[in-house]
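> I have a structure here, written as structure tokens, and I will follow up with some questions on it.
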Amino acid sequence: MFIVIVIVTVLTYILPAGQYERIEKDGRSVVDPTSFEFVESTPVGLLEMFSSIHAGMIEGASIILFVFLFGGALGIMQATGALDSFIKFVAVRFGTKEKLLIPLMVLIFASLGTLIGSAEDALVYIAIIVPMTIALGFDALTGFAIVILGTLATGFISGITNPFNVGVAQSIAELPMYSGMGLRIALLAVFYVVTVLYIYFHAMKVKRNPELGEYGKFRREEHGQLDKNFRMSKRHSAALIILLVNFILLVYGVIKLGWYISEIGGLFLLSGIIMGLIGGLTPSKMANGFISGAGDMVSGALIIGVAQTILVIITSGGLLDTILYYAAGLVEQLPPAINAIGMFIVQLFLNFIVPSGSGQAALTMPIMAPLADLMGVTRQTAVLAFQLGDGISNMIFPTSGVLLAGLAVAGISFTKWVKWVFPFLLIQVAVAIIFLIIAQSIQYGPF
């Protein structure tokens with residue numbers, strides 16, 4: 001991304017500067033598509049380029065601090081052990097009910113991904129689920145796919161209340177937080193069915209012929225053992241009830257009270273503290289959990305700031321509106337639904353160099369939102385194109401840290417994974433295109 005900063009700085013000396021007039025419409029700033037004109041160039045100097053990094057951090061401060069606050073609250077929740085306990089309980093409870101286990105486990109991980117944006121934190125469950133699936137006569141690939149495809153390819157991508165992709169993108173696009181939830185719920189349902197069937201058919205094939213399985217660093221002869229006597233403690237059960245209440249309040253507050261990132265972050269922090277008290281954590285342990293959780297978000301938070309730096313330089317050099325002008329000219333003759341698919345494809349490949357969902361949103365949505373206005377695509381559809389492009393490519397790009405870390409935990413090679421998951425990826429792309437066409441045909445909004 002620093003290379004991108006250098007490139008856009010150089011481009012301020014090459015490309016002409018341009019400007020659109022902004023007008024207020026229904027309380028939001030939109031581009032007047034008839035007002036573009038070229039203006040005097042304002043190239044960015046070397047010192048200004050480095051100074052823009054600080055300016056970018058300031059521009060992204062509200063989102064960066066929200067990510068830290070949310071990560072810290074999640075760290076407290078994880079420190080209680082309630083989430084780990086719940087996963088183990090389900091594994092033991094349904095361990096002998098193979099036909100129910102895969103749909104149920106995928107649903108759990110999809111819920112974590114779509115509601116709280118679980119990604120890196122899902123890695124800890126691979127070491128639990130993979131031995132369990134081997135013990136049941138499946139393979140390591142089955143367990144790995146349950147966690148990764150459930151969390152990322154089903155949950156994170158659909159983002160019903162995911163703060164890291166939809167939350168960031170909608171805030172930048174000036175959309176009401178978590179608006180358009182209905183279509184995302186439908187998207188979750190479709191991706192869930194596709195994921196369950198894909199994993200289930202593979203698992204049953206391995207069950208019939210274990211030689212066809214991929215066992216990673218685990219040996220089929222050394223099945224993992226499930227603790228049949230495991231029970232959730234009352235503390236963990238009560239803490240999980242608090243988490244459930246948290247999501248109920250979140251949905252109500254966003255829909256009925258107009259809550260935004262400050263209220264959402266505060267709600268999660270309050271819930272985390274209550275869960276910590278119920279879980280028996282001392283104030284010091286809660287503080288350490290908060291610091292640990294916030295620390296896990298440093299990389300993503302800094303990427304948001306760096307992405308904003310790129311936007312600061314583009315804006316200072318007068319290139320933002322020039323980019324919009326030429327981009328709109330290339331696609332203005334195409335139907336709006338096709339334009340939405342074009343946005344999706346751009347986001348899909350851009351994820352290779354910006355694998356962070358929140359970072360990619362911070363980089364692209366300031367351009368995609370006004371571009372959507374110019375092309376007759378709703379901003380909500382532009383957000384949908386972003387989250388689909390970002391989420392799908394996470395399953396195959398080697399720049400995805402979560403994917404590579406998970407493969408390392410399971411001991412599965414990257415090439416074997418790509419070969420196995422590629423047909424699933426094509427199915428997801430087809431589903432994404434269908435949903436984008438639907439979104440634009442119904443003028444997916446509110447705007």
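Convention: chains lettered A, B, ... in structure tokens order; per-chain residue numbering from 1; ligands numbered from 1 as shown.
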I want to know what sits within 9 Å of range 156-165 of chain A, based on only C-alpha atoms, with residues of the same chain fewer than 3 positions away left out; could you give that as an MDAnalysis selection string?
chainID A and resid 66:67 70 110:119 150:153 168:170 177:178 180:182 184:188 191 247 250:251 261 356:361 383:384 386:392
> Please identify the alpha helix (DSSP H) residues within range 4-72 of chain A (assignment by DSSP from backbone atoms) and present them as a PyMOL selection string.
chain A and resi 4-14+46-59+61-72
> If you keep N, CA and C atoms, can you produce a file of those selected residues as a JSON list (two decimals), in the first residue's frame?

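Result went into out.json, see below:
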```json
[["chain", "number", "residue", "atom", "x", "y", "z"],
["A", 4, "VAL", "N", 1.51, 2.02, -3.47],
["A", 4, "VAL", "CA", 0.36, 2.72, -4.06],
["A", 4, "VAL", "C", 0.41, 4.21, -3.71],
["A", 5, "ILE", "N", 0.80, 4.52, -2.47],
["A", 5, "ILE", "CA", 0.94, 5.93, -2.07],
["A", 5, "ILE", "C", 1.95, 6.64, -2.97],
["A", 6, "VAL", "N", 3.08, 5.99, -3.22],
["A", 6, "VAL", "CA", 4.11, 6.59, -4.09],
["A", 6, "VAL", "C", 3.57, 6.79, -5.50],
["A", 7, "ILE", "N", 2.86, 5.78, -6.00],
["A", 7, "ILE", "CA", 2.34, 5.85, -7.37],
["A", 7, "ILE", "C", 1.35, 7.00, -7.52],
["A", 8, "VAL", "N", 0.40, 7.10, -6.57],
["A", 8, "VAL", "CA", -0.60, 8.17, -6.71],
["A", 8, "VAL", "C", 0.04, 9.54, -6.53],
["A", 9, "THR", "N", 1.11, 9.62, -5.74],
["A", 9, "THR", "CA", 1.84, 10.89, -5.61],
["A", 9, "THR", "C", 2.45, 11.29, -6.94],
["A", 10, "VAL", "N", 3.08, 10.34, -7.62],
["A", 10, "VAL", "CA", 3.66, 10.61, -8.94],
["A", 10, "VAL", "C", 2.57, 11.00, -9.94],
["A", 11, "LEU", "N", 1.42, 10.35, -9.84],
["A", 11, "LEU", "CA", 0.33, 10.65, -10.77],
["A", 11, "LEU", "C", -0.20, 12.06, -10.62],
["A", 12, "THR", "N", -0.01, 12.67, -9.45],
["A", 12, "THR", "CA", -0.47, 14.07, -9.30],
["A", 12, "THR", "C", 0.33, 15.01, -10.19],
["A", 13, "TYR", "N", 1.52, 14.55, -10.67],
["A", 13, "TYR", "CA", 2.33, 15.35, -11.59],
["A", 13, "TYR", "C", 1.99, 15.04, -13.05],
["A", 14, "ILE", "N", 1.27, 13.95, -13.28],
["A", 14, "ILE", "CA", 1.03, 13.49, -14.65],
["A", 14, "ILE", "C", -0.40, 13.73, -15.09],
["A", 46, "LEU", "N", 7.30, 15.56, -1.87],
["A", 46, "LEU", "CA", 7.82, 14.43, -1.10],
["A", 46, "LEU", "C", 7.44, 14.53, 0.37],
["A", 47, "LEU", "N", 7.70, 15.68, 0.99],
["A", 47, "LEU", "CA", 7.38, 15.85, 2.40],
["A", 47, "LEU", "C", 5.87, 15.79, 2.62],
["A", 48, "GLU", "N", 5.11, 16.37, 1.69],
["A", 48, "GLU", "CA", 3.65, 16.34, 1.82],
["A", 48, "GLU", "C", 3.12, 14.91, 1.73],
["A", 49, "MET", "N", 3.80, 14.08, 0.93],
["A", 49, "MET", "CA", 3.39, 12.68, 0.82],
["A", 49, "MET", "C", 3.49, 11.99, 2.17],
["A", 50, "PHE", "N", 4.60, 12.18, 2.87],
["A", 50, "PHE", "CA", 4.78, 11.55, 4.18],
["A", 50, "PHE", "C", 3.88, 12.21, 5.22],
["A", 51, "SER", "N", 3.66, 13.51, 5.11],
["A", 51, "SER", "CA", 2.77, 14.19, 6.05],
["A", 51, "SER", "C", 1.33, 13.70, 5.89],
["A", 52, "SER", "N", 1.00, 13.24, 4.68],
["A", 52, "SER", "CA", -0.36, 12.77, 4.41],
["A", 52, "SER", "C", -0.69, 11.51, 5.19],
["A", 53, "ILE", "N", 0.33, 10.76, 5.60],
["A", 53, "ILE", "CA", 0.07, 9.56, 6.40],
["A", 53, "ILE", "C", -0.60, 9.94, 7.72],
["A", 54, "HIS", "N", -0.09, 10.99, 8.35],
["A", 54, "HIS", "CA", -0.70, 11.47, 9.58],
["A", 54, "HIS", "C", -2.10, 11.99, 9.32],
["A", 55, "ALA", "N", -2.25, 12.73, 8.21],
["A", 55, "ALA", "CA", -3.57, 13.25, 7.85],
["A", 55, "ALA", "C", -4.55, 12.12, 7.58],
["A", 56, "GLY", "N", -4.07, 11.06, 6.95],
["A", 56, "GLY", "CA", -4.92, 9.90, 6.67],
["A", 56, "GLY", "C", -5.38, 9.22, 7.94],
["A", 57, "MET", "N", -4.46, 9.11, 8.91],
["A", 57, "MET", "CA", -4.84, 8.52, 10.20],
["A", 57, "MET", "C", -5.93, 9.36, 10.88],
["A", 58, "ILE", "N", -5.82, 10.68, 10.77],
["A", 58, "ILE", "CA", -6.83, 11.55, 11.36],
["A", 58, "ILE", "C", -8.16, 11.39, 10.64],
["A", 59, "GLU", "N", -8.12, 11.31, 9.32],
["A", 59, "GLU", "CA", -9.35, 11.15, 8.54],
["A", 59, "GLU", "C", -10.08, 9.85, 8.91],
["A", 61, "ALA", "N", -9.85, 8.31, 11.80],
["A", 61, "ALA", "CA", -9.79, 8.13, 13.26],
["A", 61, "ALA", "C", -11.05, 7.52, 13.83],
["A", 62, "SER", "N", -12.21, 7.98, 13.40],
["A", 62, "SER", "CA", -13.45, 7.48, 13.99],
["A", 62, "SER", "C", -13.62, 5.98, 13.74],
["A", 63, "ILE", "N", -13.28, 5.55, 12.53],
["A", 63, "ILE", "CA", -13.40, 4.12, 12.21],
["A", 63, "ILE", "C", -12.30, 3.32, 12.89],
["A", 64, "ILE", "N", -11.08, 3.87, 12.91],
["A", 64, "ILE", "CA", -9.96, 3.18, 13.56],
["A", 64, "ILE", "C", -10.25, 2.94, 15.03],
["A", 65, "LEU", "N", -10.74, 3.98, 15.71],
["A", 65, "LEU", "CA", -11.02, 3.85, 17.14],
["A", 65, "LEU", "C", -12.18, 2.89, 17.39],
["A", 66, "PHE", "N", -13.15, 2.88, 16.48],
["A", 66, "PHE", "CA", -14.25, 1.92, 16.60],
["A", 66, "PHE", "C", -13.73, 0.49, 16.49],
["A", 67, "VAL", "N", -12.82, 0.25, 15.55],
["A", 67, "VAL", "CA", -12.23, -1.09, 15.38],
["A", 67, "VAL", "C", -11.49, -1.50, 16.64],
["A", 68, "PHE", "N", -10.71, -0.58, 17.23],
["A", 68, "PHE", "CA", -10.00, -0.89, 18.47],
["A", 68, "PHE", "C", -10.97, -1.19, 19.61],
["A", 69, "LEU", "N", -12.01, -0.37, 19.72],
["A", 69, "LEU", "CA", -12.97, -0.54, 20.81],
["A", 69, "LEU", "C", -13.70, -1.87, 20.67],
["A", 70, "PHE", "N", -14.13, -2.18, 19.45],
["A", 70, "PHE", "CA", -14.84, -3.44, 19.21],
["A", 70, "PHE", "C", -13.90, -4.63, 19.46],
["A", 71, "GLY", "N", -12.66, -4.53, 18.97],
["A", 71, "GLY", "CA", -11.70, -5.62, 19.18],
["A", 71, "GLY", "C", -11.41, -5.84, 20.66],
["A", 72, "GLY", "N", -11.31, -4.75, 21.42],
["A", 72, "GLY", "CA", -11.08, -4.88, 22.85],
["A", 72, "GLY", "C", -12.23, -5.56, 23.56]]
```
> Write out as an MDAnalysis selection string which residues come within 12 Å of Asn339 in chain A when counting only C-alpha atoms, dropping same-chain ones fewer than 2 positions away.
chainID A and resid 327:337 341:346 368 371:378 381:382 385 433 436:437 439:440
> For the residues in the current selection, export C-alpha atoms as a CSV table (one decimal), in the first residue's frame.

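Result file follows (part-v8.csv):
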```
chain,number,residue,atom,x,y,z
A,327,ALA,CA,-14.5,5.9,-15.0
A,328,ALA,CA,-18.0,7.2,-15.5
A,329,GLY,CA,-17.2,7.8,-19.1
A,330,LEU,CA,-16.1,4.2,-19.7
A,331,VAL,CA,-19.3,2.7,-18.3
A,332,GLU,CA,-22.0,5.3,-18.8
A,333,GLN,CA,-23.4,3.4,-21.9
A,334,LEU,CA,-23.8,0.1,-19.9
A,335,PRO,CA,-26.9,-0.9,-18.0
A,336,PRO,CA,-26.7,-0.1,-14.3
A,337,ALA,CA,-26.8,-3.8,-13.4
A,341,ILE,CA,-21.1,-6.3,-11.6
A,342,GLY,CA,-18.1,-4.3,-12.9
A,343,MET,CA,-17.7,-2.8,-9.4
A,344,PHE,CA,-17.8,-6.3,-7.9
A,345,ILE,CA,-15.1,-7.5,-10.3
A,346,VAL,CA,-12.9,-4.6,-9.4
A,368,MET,CA,-17.2,3.9,-5.4
A,371,LEU,CA,-19.2,6.8,-8.8
A,372,ALA,CA,-22.4,4.9,-8.1
A,373,ASP,CA,-24.3,8.2,-8.0
A,374,LEU,CA,-22.9,9.0,-11.5
A,375,MET,CA,-23.8,5.6,-13.0
A,376,GLY,CA,-27.3,5.2,-11.6
A,377,VAL,CA,-26.2,2.5,-9.2
A,378,THR,CA,-27.5,2.8,-5.7
A,381,THR,CA,-25.6,-1.8,-4.2
A,382,ALA,CA,-22.1,-0.4,-4.3
A,385,ALA,CA,-20.5,-5.2,-4.6
A,433,ILE,CA,-23.8,-11.7,-9.8
A,436,LEU,CA,-26.2,-7.7,-7.7
A,437,ILE,CA,-28.6,-7.8,-10.6
A,439,ALA,CA,-30.2,-5.4,-6.0
A,440,GLN,CA,-30.1,-3.0,-8.8
```
> Just the number, please: distance in Å from CA of Leu243 in chain A to CA of Lys97 in chain A, one decimal.
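Between CA of Leu243 in chain A and CA of Lys97 in chain A the gap works out to 26.9 Å.
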> Taking 3 positions as the minimum chain separation for residues in the same chain, which residues sit within 7 Å of range 269-272 of chain A when counting only C-alpha atoms? Answer as number ranges by chain.
A: 70, 73-74, 76-77, 242-243, 246, 265-266, 275-276
> Between A:Pro16, A:Gly280, A:Gly81, A:Gly258, which residue has the minimum interatomic distance to Ser179 in chain A, considering only C-alpha atoms?
A:Gly258
> Considering only C-alpha atoms, return as an mmCIF file with C-alpha atoms, in the first residue's frame whatever protein or nucleic-acid residues lie within 8 Å of Ala122 in chain A, sequence-local ones (same chain, fewer than 5 positions apart) excluded.

```cif
data_model
loop_
_atom_site.group_PDB
_atom_site.id
_atom_site.type_symbol
_atom_site.label_atom_id
_atom_site.label_comp_id
_atom_site.auth_asym_id
_atom_site.auth_seq_id
_atom_site.Cartn_x
_atom_site.Cartn_y
_atom_site.Cartn_z
ATOM 1 C CA PHE A 109 -19.394 -20.072 12.521
ATOM 2 C CA VAL A 147 -14.505 -23.161 10.190
ATOM 3 C CA ILE A 148 -13.145 -21.110 7.280
ATOM 4 C CA THR A 151 -16.904 -17.949 9.066
#
```
> Could you tell me how far CA of Phe38 in chain A sits from CA of Leu319 in chain A, in Å to one decimal place?
10.1 Å
> Using only C-alpha atoms, which of A:Val418, A:Ile23, A:Val166, A:Ile313 sits nearest Pro43 in chain A?
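The closest residue to Pro43 in chain A is A:Ile313.
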> Select, from A:Ala79, A:Ile128, A:Val106, A:Val90, the residue with the minimum atom-to-atom distance to Pro283 in chain A, counting only C-alpha atoms.
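Using only C-alpha atoms, the shortest distance to Pro283 in chain A belongs to A:Ala79.
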> Between A:Tyr192, A:Asn394, A:Lys416, A:Thr34, single out the one closest to Arg22 in chain A, counting only C-alpha atoms.
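Among A:Tyr192, A:Asn394, A:Lys416, A:Thr34, it is A:Thr34 that comes nearest to Arg22 in chain A.
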> At what distance in Å, to one decimal, does CA of Gly295 in chain A lie from CA of Ala307 in chain A?
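Between CA of Ala307 in chain A and CA of Gly295 in chain A the gap works out to 19.4 Å.
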> Considering only C-alpha atoms, state which residue in the set A:Ile310, A:Ile264, A:Ile102, A:Ile273 is at the smallest distance from Phe290 in chain A.
A:Ile273
> In terms of the shortest atom-to-atom distance over only C-alpha atoms, which of A:Leu149, A:Val245, A:Ala238, A:Ile323 is closest to Thr80 in chain A?
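Checking each of A:Leu149, A:Val245, A:Ala238, A:Ile323 against Thr80 in chain A, counting only C-alpha atoms, the winner is A:Ala238.
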> Excluding same-chain residues fewer than 3 positions from Val39 in chain A, what lies within 10 Å of it counting only C-alpha atoms, as a PyMOL selection string?
chain A and resi 16-19+36+42+318+322
> As a list in words, list the residues of range 26-150 of chain A assigned to strand (DSSP E or B) by DSSP on the backbone atoms of this structure.
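Strand (DSSP E or B) assignments inside range 26-150 of chain A correspond to Arg28, Ser29, Val30, Val31, Glu37, Phe38 and Val39 of chain A.
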